[in-house]
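Asker: Submitted below is the structure of interest, expressed as structure tokens.
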Amino acid sequence: MKVNGMPMRTIWVSSDGQAVDIIDQTKLPFEFETVRLETVEEAAHAIFDMLVRGAPLIGATAAYGMALAMKSDPSDANLDHAYKVLFEARPTAVNLRWAIDEQKSILAPLSPEARFEAAWNRAREIADEDVAICSAIGDHGKDLIAAAFEKAGKSRPVNVLTHCNAGWLATVDWGTAIAPIYKAHEAGIPVHVWVDETRPRNQGASLTAWELGQHGIPHTVIVDNAGGHLMQHGKVDLCIVGTDRTTRTGDVCNKIGTYLKALAAHDNHVPFYVALPGPTIDWTLDDGFKIPIEERDETEVTWMNGMTSSGEVVGVRIAADGSKGGNPAFDVTPSRMVSKLITERGVCEASETGLRSLYPEQPEAWK
Ligand code: MRU
């Protein structure tokens, strides 16, 4: 996707080939800064402090983190250390575990001398695969937007509501929930996006709105509480969100507040779609309530960042001095509230039968 008209990914190998560069997403939308990651500790820190975030990008960064560890010390002990440091960075997005499991299974049988090159190559492949996966999600999801356009008599833009940021900033490129919107836009289907601000970290207002703006897609930022009202008044044709982990039975864990949007969509007969790449499915789990929910620091709730009219970026306290903040970062939407899942292999019911129809290679042993 593009920044100031220039095509970019969210993570790439540095020009000297010795490190990876990322966009520091904590600075957006006010400043566009890139950061160089040279060590596994820096990669884990970038994930924990959310310089990179979004399940697929967390996975790609973790894959590169394993490679950076093998560059400095390819021993068995450091392989275990790198796995542990990255595993502990954030608990909910299963792409992280998927990527480091993948790297460890490739690297462990190799001699230490062969590990860095193998890890680096696999990290590059994981990043490239994510781009292809997200592009395919976009193609399948675009058909749902096209159908909504037909249903509206092709008389007005399709109104899509999204929560958090599941756009290209959350992946290596294209995004998951936003990929269908980009593809629809490219195909000439008019789309308008209702962007939930997504408290407490405002990924919607800061990131989704910014990237939609970079691509000229009409959008409106709304407070998280507005979606239900808009649905009651027929102003939302469909919702599309991403996910950090989806069980094999189709329960969806995503940014806190997703569940409330699904409830409102259910009550108002608005289709509620979840876009996900294969590595976001946790085939070991049959119940969304078994997914670990990250609890983040209370200051993310009691403080906010913003830009003053004089252009200074500042943090301000918004809660009474002494009030505690509670900060569960994700919630679970039960499969019965999900209209369809949009994957790189097509669209399916949010159920074990639906997912297995698209991923028949998954072992029955998970049952
Ligand atoms: O806490 P974040 O910003 O990492 O949460 C991101 C989300 O909840 C996304 O919706 C999810 O990772 C899907 S990204 C394609």
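Each chain in the structure tokens gets a letter, A, B and so on, in the order shown; residues start at 1 in every chain, and ligands are counted from 1 in the order they appear.
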Residues within 9 Å of ligand 1, counting only C-alpha atoms and all ligand atoms: report them as a compact mmCIF listing (two decimals) with N, CA, C and O atoms, in the first residue's frame.
Answerer:
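Contents of result09.txt, as written:
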```txt
# COMPACT_ATOMS: atom_id res chain seq x y z
N ILE A 47 7.19 -5.37 19.60
CA ILE A 47 5.88 -6.03 19.69
C ILE A 47 5.18 -5.62 20.99
O ILE A 47 4.02 -5.20 20.99
N MET A 50 4.09 -2.08 21.05
CA MET A 50 3.15 -1.85 19.95
C MET A 50 3.66 -0.85 18.90
O MET A 50 2.88 -0.15 18.29
N VAL A 52 4.99 -2.19 16.40
CA VAL A 52 4.27 -3.01 15.44
C VAL A 52 3.14 -3.68 16.20
O VAL A 52 3.29 -4.02 17.37
N ARG A 53 2.00 -3.86 15.53
CA ARG A 53 0.88 -4.53 16.20
C ARG A 53 -0.02 -5.06 15.09
O ARG A 53 0.25 -4.86 13.90
N GLY A 54 -1.08 -5.75 15.50
CA GLY A 54 -1.90 -6.46 14.51
C GLY A 54 -1.33 -7.86 14.37
O GLY A 54 -0.11 -8.04 14.21
N ALA A 55 -2.22 -8.86 14.43
CA ALA A 55 -1.75 -10.24 14.52
C ALA A 55 -0.76 -10.65 13.42
O ALA A 55 0.31 -11.18 13.72
N PRO A 56 -1.06 -10.40 12.13
CA PRO A 56 -0.10 -10.87 11.10
C PRO A 56 1.25 -10.15 11.17
O PRO A 56 2.30 -10.79 10.98
N LEU A 57 1.24 -8.86 11.47
CA LEU A 57 2.52 -8.15 11.54
C LEU A 57 3.32 -8.57 12.78
O LEU A 57 4.55 -8.66 12.74
N ILE A 58 2.62 -8.86 13.86
CA ILE A 58 3.31 -9.39 15.05
C ILE A 58 4.00 -10.71 14.66
O ILE A 58 5.16 -10.95 15.02
N ARG A 90 3.57 -10.69 23.65
CA ARG A 90 2.12 -10.44 23.72
C ARG A 90 1.41 -11.79 23.66
O ARG A 90 1.78 -12.64 22.85
N THR A 92 -2.07 -12.73 23.06
CA THR A 92 -3.35 -13.10 22.44
C THR A 92 -3.23 -13.49 20.97
O THR A 92 -3.80 -14.51 20.55
N ALA A 93 -2.52 -12.71 20.17
CA ALA A 93 -2.43 -13.01 18.74
C ALA A 93 -1.67 -14.32 18.52
O ALA A 93 -0.49 -14.43 18.85
N CYS A 134 -3.23 -11.87 2.37
CA CYS A 134 -4.11 -10.71 2.59
C CYS A 134 -4.71 -10.22 1.28
O CYS A 134 -5.87 -9.80 1.23
N HIS A 163 -13.65 -1.97 13.20
CA HIS A 163 -13.19 -1.70 14.56
C HIS A 163 -11.69 -1.93 14.62
O HIS A 163 -11.17 -2.84 13.98
N CYS A 164 -10.98 -1.13 15.39
CA CYS A 164 -9.53 -1.25 15.53
C CYS A 164 -8.84 -0.99 14.21
O CYS A 164 -9.37 -0.29 13.33
N ASN A 165 -7.65 -1.52 14.03
CA ASN A 165 -6.96 -1.43 12.74
C ASN A 165 -6.60 -2.84 12.29
O ASN A 165 -5.74 -3.49 12.89
N ALA A 166 -7.31 -3.29 11.28
CA ALA A 166 -6.97 -4.55 10.62
C ALA A 166 -6.68 -4.23 9.16
O ALA A 166 -7.08 -4.92 8.24
N GLY A 167 -5.97 -3.13 8.97
CA GLY A 167 -5.60 -2.68 7.64
C GLY A 167 -4.17 -3.07 7.32
O GLY A 167 -3.60 -3.95 7.97
N TRP A 168 -3.56 -2.38 6.35
CA TRP A 168 -2.21 -2.82 5.96
C TRP A 168 -1.21 -2.60 7.07
O TRP A 168 -0.22 -3.34 7.18
N LEU A 169 -1.49 -1.65 7.97
CA LEU A 169 -0.57 -1.43 9.09
C LEU A 169 -0.55 -2.63 10.05
O LEU A 169 0.39 -2.79 10.81
N ALA A 170 -1.60 -3.43 10.03
CA ALA A 170 -1.67 -4.58 10.95
C ALA A 170 -1.10 -5.85 10.32
O ALA A 170 -1.02 -6.89 10.98
N THR A 171 -0.71 -5.75 9.06
CA THR A 171 -0.20 -6.92 8.33
C THR A 171 1.09 -6.48 7.65
O THR A 171 1.61 -5.40 7.93
N GLY A 175 -3.70 -5.71 4.55
CA GLY A 175 -4.62 -5.82 5.69
C GLY A 175 -5.51 -7.03 5.55
O GLY A 175 -5.45 -7.78 4.57
N THR A 176 -6.34 -7.24 6.59
CA THR A 176 -7.33 -8.32 6.50
C THR A 176 -8.72 -7.70 6.33
O THR A 176 -9.26 -7.72 5.23
N ALA A 177 -9.26 -7.06 7.38
CA ALA A 177 -10.60 -6.48 7.27
C ALA A 177 -10.65 -5.35 6.23
O ALA A 177 -11.69 -5.13 5.59
N ILE A 178 -9.54 -4.64 6.08
CA ILE A 178 -9.56 -3.49 5.16
C ILE A 178 -9.20 -3.90 3.73
O ILE A 178 -9.50 -3.18 2.77
N ARG A 201 -6.39 2.65 22.85
CA ARG A 201 -5.19 3.10 22.12
C ARG A 201 -5.52 3.78 20.80
O ARG A 201 -4.63 4.20 20.07
N ASN A 202 -6.83 3.84 20.48
CA ASN A 202 -7.26 4.60 19.31
C ASN A 202 -6.67 4.12 17.99
O ASN A 202 -6.38 4.93 17.10
N GLN A 203 -6.56 2.80 17.83
CA GLN A 203 -6.01 2.31 16.56
C GLN A 203 -6.89 2.72 15.37
O GLN A 203 -6.40 2.86 14.26
N VAL A 241 -14.39 -6.93 10.55
CA VAL A 241 -13.32 -6.74 11.54
C VAL A 241 -12.25 -7.81 11.31
O VAL A 241 -12.46 -8.77 10.57
N GLY A 242 -11.13 -7.63 11.98
CA GLY A 242 -10.07 -8.64 11.95
C GLY A 242 -10.17 -9.53 13.17
O GLY A 242 -11.17 -9.52 13.91
N THR A 243 -9.14 -10.31 13.41
CA THR A 243 -9.11 -11.17 14.58
C THR A 243 -7.67 -11.49 14.97
O THR A 243 -6.79 -11.57 14.11
N ASP A 244 -7.45 -11.63 16.26
CA ASP A 244 -6.13 -12.02 16.77
C ASP A 244 -6.00 -13.51 16.94
O ASP A 244 -4.89 -14.06 16.98
N ARG A 245 -7.15 -14.15 17.11
CA ARG A 245 -7.15 -15.61 17.23
C ARG A 245 -8.59 -16.09 17.03
O ARG A 245 -9.52 -15.57 17.65
N CYS A 253 -11.63 -13.88 18.62
CA CYS A 253 -11.08 -12.96 19.62
C CYS A 253 -10.47 -11.78 18.88
O CYS A 253 -9.62 -11.94 18.00
N ASN A 254 -10.92 -10.59 19.22
CA ASN A 254 -10.40 -9.38 18.55
C ASN A 254 -10.40 -8.23 19.54
O ASN A 254 -10.81 -8.38 20.70
N LYS A 255 -9.95 -7.09 19.07
CA LYS A 255 -9.79 -5.90 19.92
C LYS A 255 -11.03 -5.66 20.78
O LYS A 255 -12.16 -5.79 20.31
N ILE A 256 -10.80 -5.27 22.01
CA ILE A 256 -11.87 -5.02 22.96
C ILE A 256 -12.93 -4.09 22.32
O ILE A 256 -12.59 -3.08 21.72
N THR A 258 -15.14 -5.35 20.07
CA THR A 258 -15.65 -6.04 18.88
C THR A 258 -16.97 -6.74 19.20
O THR A 258 -17.93 -6.71 18.42
N ALA A 275 -12.49 -11.13 8.90
CA ALA A 275 -11.47 -11.48 7.90
C ALA A 275 -10.24 -12.02 8.60
O ALA A 275 -9.76 -11.41 9.57
N LEU A 276 -9.73 -13.15 8.12
CA LEU A 276 -8.59 -13.76 8.83
C LEU A 276 -7.71 -14.59 7.91
O LEU A 276 -8.20 -15.30 7.04
N PRO A 277 -6.41 -14.51 8.14
CA PRO A 277 -5.49 -15.41 7.45
C PRO A 277 -5.42 -16.75 8.17
O PRO A 277 -5.63 -16.81 9.40
N THR A 280 -4.05 -17.33 11.71
CA THR A 280 -4.75 -16.77 12.87
C THR A 280 -5.74 -17.78 13.46
O THR A 280 -6.37 -17.51 14.49
N GLU A 294 -5.02 -10.46 26.85
CA GLU A 294 -3.97 -9.57 27.35
C GLU A 294 -4.58 -8.45 28.21
O GLU A 294 -5.57 -7.85 27.83
N ALA A 329 -7.46 -6.07 26.72
CA ALA A 329 -7.20 -5.57 25.37
C ALA A 329 -8.04 -6.26 24.29
O ALA A 329 -8.11 -5.76 23.16
N PHE A 330 -8.65 -7.38 24.61
CA PHE A 330 -9.39 -8.14 23.59
C PHE A 330 -10.67 -8.70 24.19
O PHE A 330 -10.80 -8.82 25.41
```
Asker: Give me the residues within 7 Å of segment 228-240 of chain A as a ChimeraX atom specification, counting only C-alpha atoms and dropping any in the same chain fewer than 5 places off.
Answerer: /A:148,158-162,177,261,264-265,268,270-275
Asker: For the selection you just gave me, I'd like the residues written to a file as a PDB file, in the first residue's frame, keeping N, CA, C and O atoms.
Answerer:
```pdb
ATOM      1  N   ALA A 148     -23.344  -6.124  -1.614  1.00  0.00           N
ATOM      2  CA  ALA A 148     -24.056  -5.078  -0.859  1.00  0.00           C
ATOM      3  C   ALA A 148     -24.350  -3.879  -1.770  1.00  0.00           C
ATOM      4  O   ALA A 148     -25.408  -3.237  -1.648  1.00  0.00           O
ATOM      5  N   VAL A 158     -21.358   1.912  -0.424  1.00  0.00           N
ATOM      6  CA  VAL A 158     -21.588   0.882   0.597  1.00  0.00           C
ATOM      7  C   VAL A 158     -20.968   1.381   1.901  1.00  0.00           C
ATOM      8  O   VAL A 158     -19.804   1.793   1.926  1.00  0.00           O
ATOM      9  N   ASN A 159     -21.748   1.356   2.969  1.00  0.00           N
ATOM     10  CA  ASN A 159     -21.247   1.788   4.283  1.00  0.00           C
ATOM     11  C   ASN A 159     -20.748   0.592   5.073  1.00  0.00           C
ATOM     12  O   ASN A 159     -21.526  -0.294   5.430  1.00  0.00           O
ATOM     13  N   VAL A 160     -19.434   0.586   5.330  1.00  0.00           N
ATOM     14  CA  VAL A 160     -18.801  -0.518   6.059  1.00  0.00           C
ATOM     15  C   VAL A 160     -18.331   0.016   7.401  1.00  0.00           C
ATOM     16  O   VAL A 160     -17.691   1.071   7.461  1.00  0.00           O
ATOM     17  N   LEU A 161     -18.634  -0.705   8.480  1.00  0.00           N
ATOM     18  CA  LEU A 161     -18.110  -0.324   9.801  1.00  0.00           C
ATOM     19  C   LEU A 161     -16.971  -1.269  10.172  1.00  0.00           C
ATOM     20  O   LEU A 161     -17.081  -2.486   9.985  1.00  0.00           O
ATOM     21  N   THR A 162     -15.880  -0.688  10.667  1.00  0.00           N
ATOM     22  CA  THR A 162     -14.777  -1.526  11.124  1.00  0.00           C
ATOM     23  C   THR A 162     -14.296  -1.070  12.499  1.00  0.00           C
ATOM     24  O   THR A 162     -14.510   0.092  12.884  1.00  0.00           O
ATOM     25  N   ALA A 177      -9.260  -7.064   7.383  1.00  0.00           N
ATOM     26  CA  ALA A 177     -10.598  -6.477   7.266  1.00  0.00           C
ATOM     27  C   ALA A 177     -10.646  -5.351   6.230  1.00  0.00           C
ATOM     28  O   ALA A 177     -11.688  -5.129   5.594  1.00  0.00           O
ATOM     29  N   LYS A 261     -20.002  -4.638  19.048  1.00  0.00           N
ATOM     30  CA  LYS A 261     -20.410  -4.345  17.666  1.00  0.00           C
ATOM     31  C   LYS A 261     -21.156  -5.541  17.078  1.00  0.00           C
ATOM     32  O   LYS A 261     -22.123  -5.381  16.340  1.00  0.00           O
ATOM     33  N   ALA A 264     -24.689  -5.571  18.422  1.00  0.00           N
ATOM     34  CA  ALA A 264     -25.530  -4.562  17.752  1.00  0.00           C
ATOM     35  C   ALA A 264     -25.860  -5.001  16.333  1.00  0.00           C
ATOM     36  O   ALA A 264     -26.993  -4.822  15.860  1.00  0.00           O
ATOM     37  N   ALA A 265     -24.875  -5.583  15.647  1.00  0.00           N
ATOM     38  CA  ALA A 265     -25.110  -6.040  14.271  1.00  0.00           C
ATOM     39  C   ALA A 265     -26.159  -7.151  14.260  1.00  0.00           C
ATOM     40  O   ALA A 265     -27.076  -7.170  13.434  1.00  0.00           O
ATOM     41  N   ASN A 268     -29.614  -5.886  14.718  1.00  0.00           N
ATOM     42  CA  ASN A 268     -30.106  -5.059  13.601  1.00  0.00           C
ATOM     43  C   ASN A 268     -30.000  -5.761  12.245  1.00  0.00           C
ATOM     44  O   ASN A 268     -30.173  -5.122  11.209  1.00  0.00           O
ATOM     45  N   VAL A 270     -27.508  -6.753  10.592  1.00  0.00           N
ATOM     46  CA  VAL A 270     -26.421  -6.245   9.750  1.00  0.00           C
ATOM     47  C   VAL A 270     -25.377  -7.357   9.654  1.00  0.00           C
ATOM     48  O   VAL A 270     -24.939  -7.879  10.686  1.00  0.00           O
ATOM     49  N   PRO A 271     -24.955  -7.757   8.442  1.00  0.00           N
ATOM     50  CA  PRO A 271     -23.942  -8.819   8.350  1.00  0.00           C
ATOM     51  C   PRO A 271     -22.663  -8.438   9.091  1.00  0.00           C
ATOM     52  O   PRO A 271     -22.196  -7.298   8.978  1.00  0.00           O
ATOM     53  N   PHE A 272     -22.126  -9.395   9.843  1.00  0.00           N
ATOM     54  CA  PHE A 272     -20.913  -9.156  10.639  1.00  0.00           C
ATOM     55  C   PHE A 272     -19.857 -10.152  10.165  1.00  0.00           C
ATOM     56  O   PHE A 272     -19.919 -11.344  10.468  1.00  0.00           O
ATOM     57  N   TYR A 273     -18.915  -9.657   9.374  1.00  0.00           N
ATOM     58  CA  TYR A 273     -17.889 -10.512   8.777  1.00  0.00           C
ATOM     59  C   TYR A 273     -16.572 -10.365   9.529  1.00  0.00           C
ATOM     60  O   TYR A 273     -16.222  -9.263   9.984  1.00  0.00           O
ATOM     61  N   VAL A 274     -15.842 -11.469   9.599  1.00  0.00           N
ATOM     62  CA  VAL A 274     -14.505 -11.450  10.202  1.00  0.00           C
ATOM     63  C   VAL A 274     -13.510 -11.943   9.153  1.00  0.00           C
ATOM     64  O   VAL A 274     -13.698 -13.030   8.577  1.00  0.00           O
ATOM     65  N   ALA A 275     -12.487 -11.128   8.900  1.00  0.00           N
ATOM     66  CA  ALA A 275     -11.470 -11.475   7.895  1.00  0.00           C
ATOM     67  C   ALA A 275     -10.236 -12.019   8.605  1.00  0.00           C
ATOM     68  O   ALA A 275      -9.757 -11.410   9.567  1.00  0.00           O
TER      69      ALA A 275
END
```
Asker: If you run DSSP over the backbone, which residues in segment 195-251 of chain A end up helix (DSSP H, G or I)? Put them as number ranges by chain.
Answerer: A: 203-214, 227-232
Asker: Using only C-alpha atoms, find the one residue out of A:Met8, A:Val252, A:Ala19, A:Ala132 that sits nearest to Glu344 of chain A.
Answerer: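 Closest to Glu344 of chain A, using only C-alpha atoms: A:Ala132.
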Asker: Would you list the contacts of Pro112 of chain A as an NGL selection string, taking every protein, DNA or RNA residue within 12 Å and counting only C-alpha atoms, but skipping same-chain residues closer than 3 positions in sequence?
Answerer: :A and (69-79 or 106-109 or 115-119)
Asker: Generate a file of the selected residues that holds N, CA, C and O atoms, formatted as a PDB file, in the first residue's frame.
Answerer:
```pdb
ATOM      1  N   ALA A  69      18.141 -13.211  16.222  1.00  0.00           N
ATOM      2  CA  ALA A  69      18.798 -13.937  17.325  1.00  0.00           C
ATOM      3  C   ALA A  69      19.839 -14.906  16.780  1.00  0.00           C
ATOM      4  O   ALA A  69      20.938 -15.045  17.338  1.00  0.00           O
ATOM      5  N   MET A  70      19.494 -15.583  15.671  1.00  0.00           N
ATOM      6  CA  MET A  70      20.424 -16.578  15.097  1.00  0.00           C
ATOM      7  C   MET A  70      21.647 -15.901  14.481  1.00  0.00           C
ATOM      8  O   MET A  70      22.704 -16.507  14.350  1.00  0.00           O
ATOM      9  N   LYS A  71      21.494 -14.637  14.122  1.00  0.00           N
ATOM     10  CA  LYS A  71      22.632 -13.900  13.549  1.00  0.00           C
ATOM     11  C   LYS A  71      23.710 -13.683  14.604  1.00  0.00           C
ATOM     12  O   LYS A  71      24.896 -13.882  14.354  1.00  0.00           O
ATOM     13  N   SER A  72      23.294 -13.331  15.820  1.00  0.00           N
ATOM     14  CA  SER A  72      24.294 -13.014  16.848  1.00  0.00           C
ATOM     15  C   SER A  72      24.809 -14.273  17.544  1.00  0.00           C
ATOM     16  O   SER A  72      25.969 -14.352  17.936  1.00  0.00           O
ATOM     17  N   ASP A  73      23.929 -15.289  17.696  1.00  0.00           N
ATOM     18  CA  ASP A  73      24.341 -16.486  18.433  1.00  0.00           C
ATOM     19  C   ASP A  73      23.395 -17.637  18.055  1.00  0.00           C
ATOM     20  O   ASP A  73      22.275 -17.724  18.572  1.00  0.00           O
ATOM     21  N   PRO A  74      23.839 -18.511  17.152  1.00  0.00           N
ATOM     22  CA  PRO A  74      22.937 -19.569  16.661  1.00  0.00           C
ATOM     23  C   PRO A  74      22.909 -20.817  17.535  1.00  0.00           C
ATOM     24  O   PRO A  74      22.487 -21.880  17.077  1.00  0.00           O
ATOM     25  N   SER A  75      23.325 -20.714  18.794  1.00  0.00           N
ATOM     26  CA  SER A  75      23.359 -21.898  19.666  1.00  0.00           C
ATOM     27  C   SER A  75      21.949 -22.358  20.044  1.00  0.00           C
ATOM     28  O   SER A  75      20.979 -21.597  19.941  1.00  0.00           O
ATOM     29  N   ASP A  76      21.862 -23.610  20.538  1.00  0.00           N
ATOM     30  CA  ASP A  76      20.578 -24.135  21.029  1.00  0.00           C
ATOM     31  C   ASP A  76      20.032 -23.257  22.149  1.00  0.00           C
ATOM     32  O   ASP A  76      18.831 -22.976  22.216  1.00  0.00           O
ATOM     33  N   ALA A  77      20.952 -22.836  23.032  1.00  0.00           N
ATOM     34  CA  ALA A  77      20.504 -22.029  24.186  1.00  0.00           C
ATOM     35  C   ALA A  77      19.883 -20.725  23.713  1.00  0.00           C
ATOM     36  O   ALA A  77      18.851 -20.280  24.233  1.00  0.00           O
ATOM     37  N   ASN A  78      20.484 -20.113  22.684  1.00  0.00           N
ATOM     38  CA  ASN A  78      19.935 -18.840  22.217  1.00  0.00           C
ATOM     39  C   ASN A  78      18.651 -19.038  21.418  1.00  0.00           C
ATOM     40  O   ASN A  78      17.784 -18.153  21.402  1.00  0.00           O
ATOM     41  N   LEU A  79      18.523 -20.195  20.783  1.00  0.00           N
ATOM     42  CA  LEU A  79      17.259 -20.500  20.079  1.00  0.00           C
ATOM     43  C   LEU A  79      16.120 -20.542  21.105  1.00  0.00           C
ATOM     44  O   LEU A  79      15.057 -19.938  20.911  1.00  0.00           O
ATOM     45  N   ILE A 106      12.021 -25.476  12.083  1.00  0.00           N
ATOM     46  CA  ILE A 106      12.981 -25.489  10.963  1.00  0.00           C
ATOM     47  C   ILE A 106      14.411 -25.450  11.497  1.00  0.00           C
ATOM     48  O   ILE A 106      15.306 -26.143  10.997  1.00  0.00           O
ATOM     49  N   LEU A 107      14.641 -24.632  12.524  1.00  0.00           N
ATOM     50  CA  LEU A 107      16.024 -24.353  12.957  1.00  0.00           C
ATOM     51  C   LEU A 107      16.596 -25.432  13.880  1.00  0.00           C
ATOM     52  O   LEU A 107      17.793 -25.751  13.792  1.00  0.00           O
ATOM     53  N   ALA A 108      15.761 -25.982  14.744  1.00  0.00           N
ATOM     54  CA  ALA A 108      16.289 -26.919  15.751  1.00  0.00           C
ATOM     55  C   ALA A 108      17.084 -28.079  15.134  1.00  0.00           C
ATOM     56  O   ALA A 108      18.161 -28.423  15.639  1.00  0.00           O
ATOM     57  N   PRO A 109      16.604 -28.699  14.035  1.00  0.00           N
ATOM     58  CA  PRO A 109      17.370 -29.835  13.497  1.00  0.00           C
ATOM     59  C   PRO A 109      18.651 -29.419  12.759  1.00  0.00           C
ATOM     60  O   PRO A 109      19.474 -30.278  12.446  1.00  0.00           O
ATOM     61  N   ARG A 115      21.840 -22.003  10.682  1.00  0.00           N
ATOM     62  CA  ARG A 115      20.559 -21.495  11.215  1.00  0.00           C
ATOM     63  C   ARG A 115      20.207 -20.076  10.764  1.00  0.00           C
ATOM     64  O   ARG A 115      19.049 -19.799  10.444  1.00  0.00           O
ATOM     65  N   PHE A 116      21.187 -19.178  10.750  1.00  0.00           N
ATOM     66  CA  PHE A 116      20.832 -17.791  10.439  1.00  0.00           C
ATOM     67  C   PHE A 116      20.218 -17.687   9.048  1.00  0.00           C
ATOM     68  O   PHE A 116      19.140 -17.105   8.867  1.00  0.00           O
ATOM     69  N   GLU A 117      20.881 -18.271   8.055  1.00  0.00           N
ATOM     70  CA  GLU A 117      20.387 -18.142   6.679  1.00  0.00           C
ATOM     71  C   GLU A 117      18.986 -18.750   6.547  1.00  0.00           C
ATOM     72  O   GLU A 117      18.093 -18.171   5.922  1.00  0.00           O
ATOM     73  N   ALA A 118      18.807 -19.921   7.185  1.00  0.00           N
ATOM     74  CA  ALA A 118      17.492 -20.586   7.096  1.00  0.00           C
ATOM     75  C   ALA A 118      16.407 -19.729   7.758  1.00  0.00           C
ATOM     76  O   ALA A 118      15.295 -19.587   7.226  1.00  0.00           O
ATOM     77  N   ALA A 119      16.746 -19.136   8.912  1.00  0.00           N
ATOM     78  CA  ALA A 119      15.750 -18.328   9.633  1.00  0.00           C
ATOM     79  C   ALA A 119      15.417 -17.053   8.856  1.00  0.00           C
ATOM     80  O   ALA A 119      14.253 -16.638   8.777  1.00  0.00           O
TER      81      ALA A 119
END
```
Asker: For segment 136-143 of chain A, find every residue with an atom within 6 Å (counting only C-alpha atoms), except residues of its own chain fewer than 5 positions away, and show them as JSON, numbers by chain.
Answerer: {"A": [179, 180, 183, 184, 343, 344, 346]}
Asker: Give the answer as one residue: which of A:Val172, A:Val13, A:Lys27, A:Thr198 has the shortest atom-to-atom distance to Asn121 of chain A, using only C-alpha atoms?
Answerer: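 Among A:Val172, A:Val13, A:Lys27, A:Thr198, it is A:Val13 that comes nearest to Asn121 of chain A.
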Asker: Closest to Asp173 of chain A among A:Ala187, A:Ala320, A:Cys348, A:Ala127, using only C-alpha atoms?
Answerer: A:Ala127
Asker: Taking into account only C-alpha atoms, which residue in the set A:Lys324, A:Ser335, A:Val193, A:Asp224 is nearest to Glu211 of chain A?
Answerer: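 Checking each of A:Lys324, A:Ser335, A:Val193, A:Asp224 against Glu211 of chain A, counting only C-alpha atoms, the winner is A:Val193.
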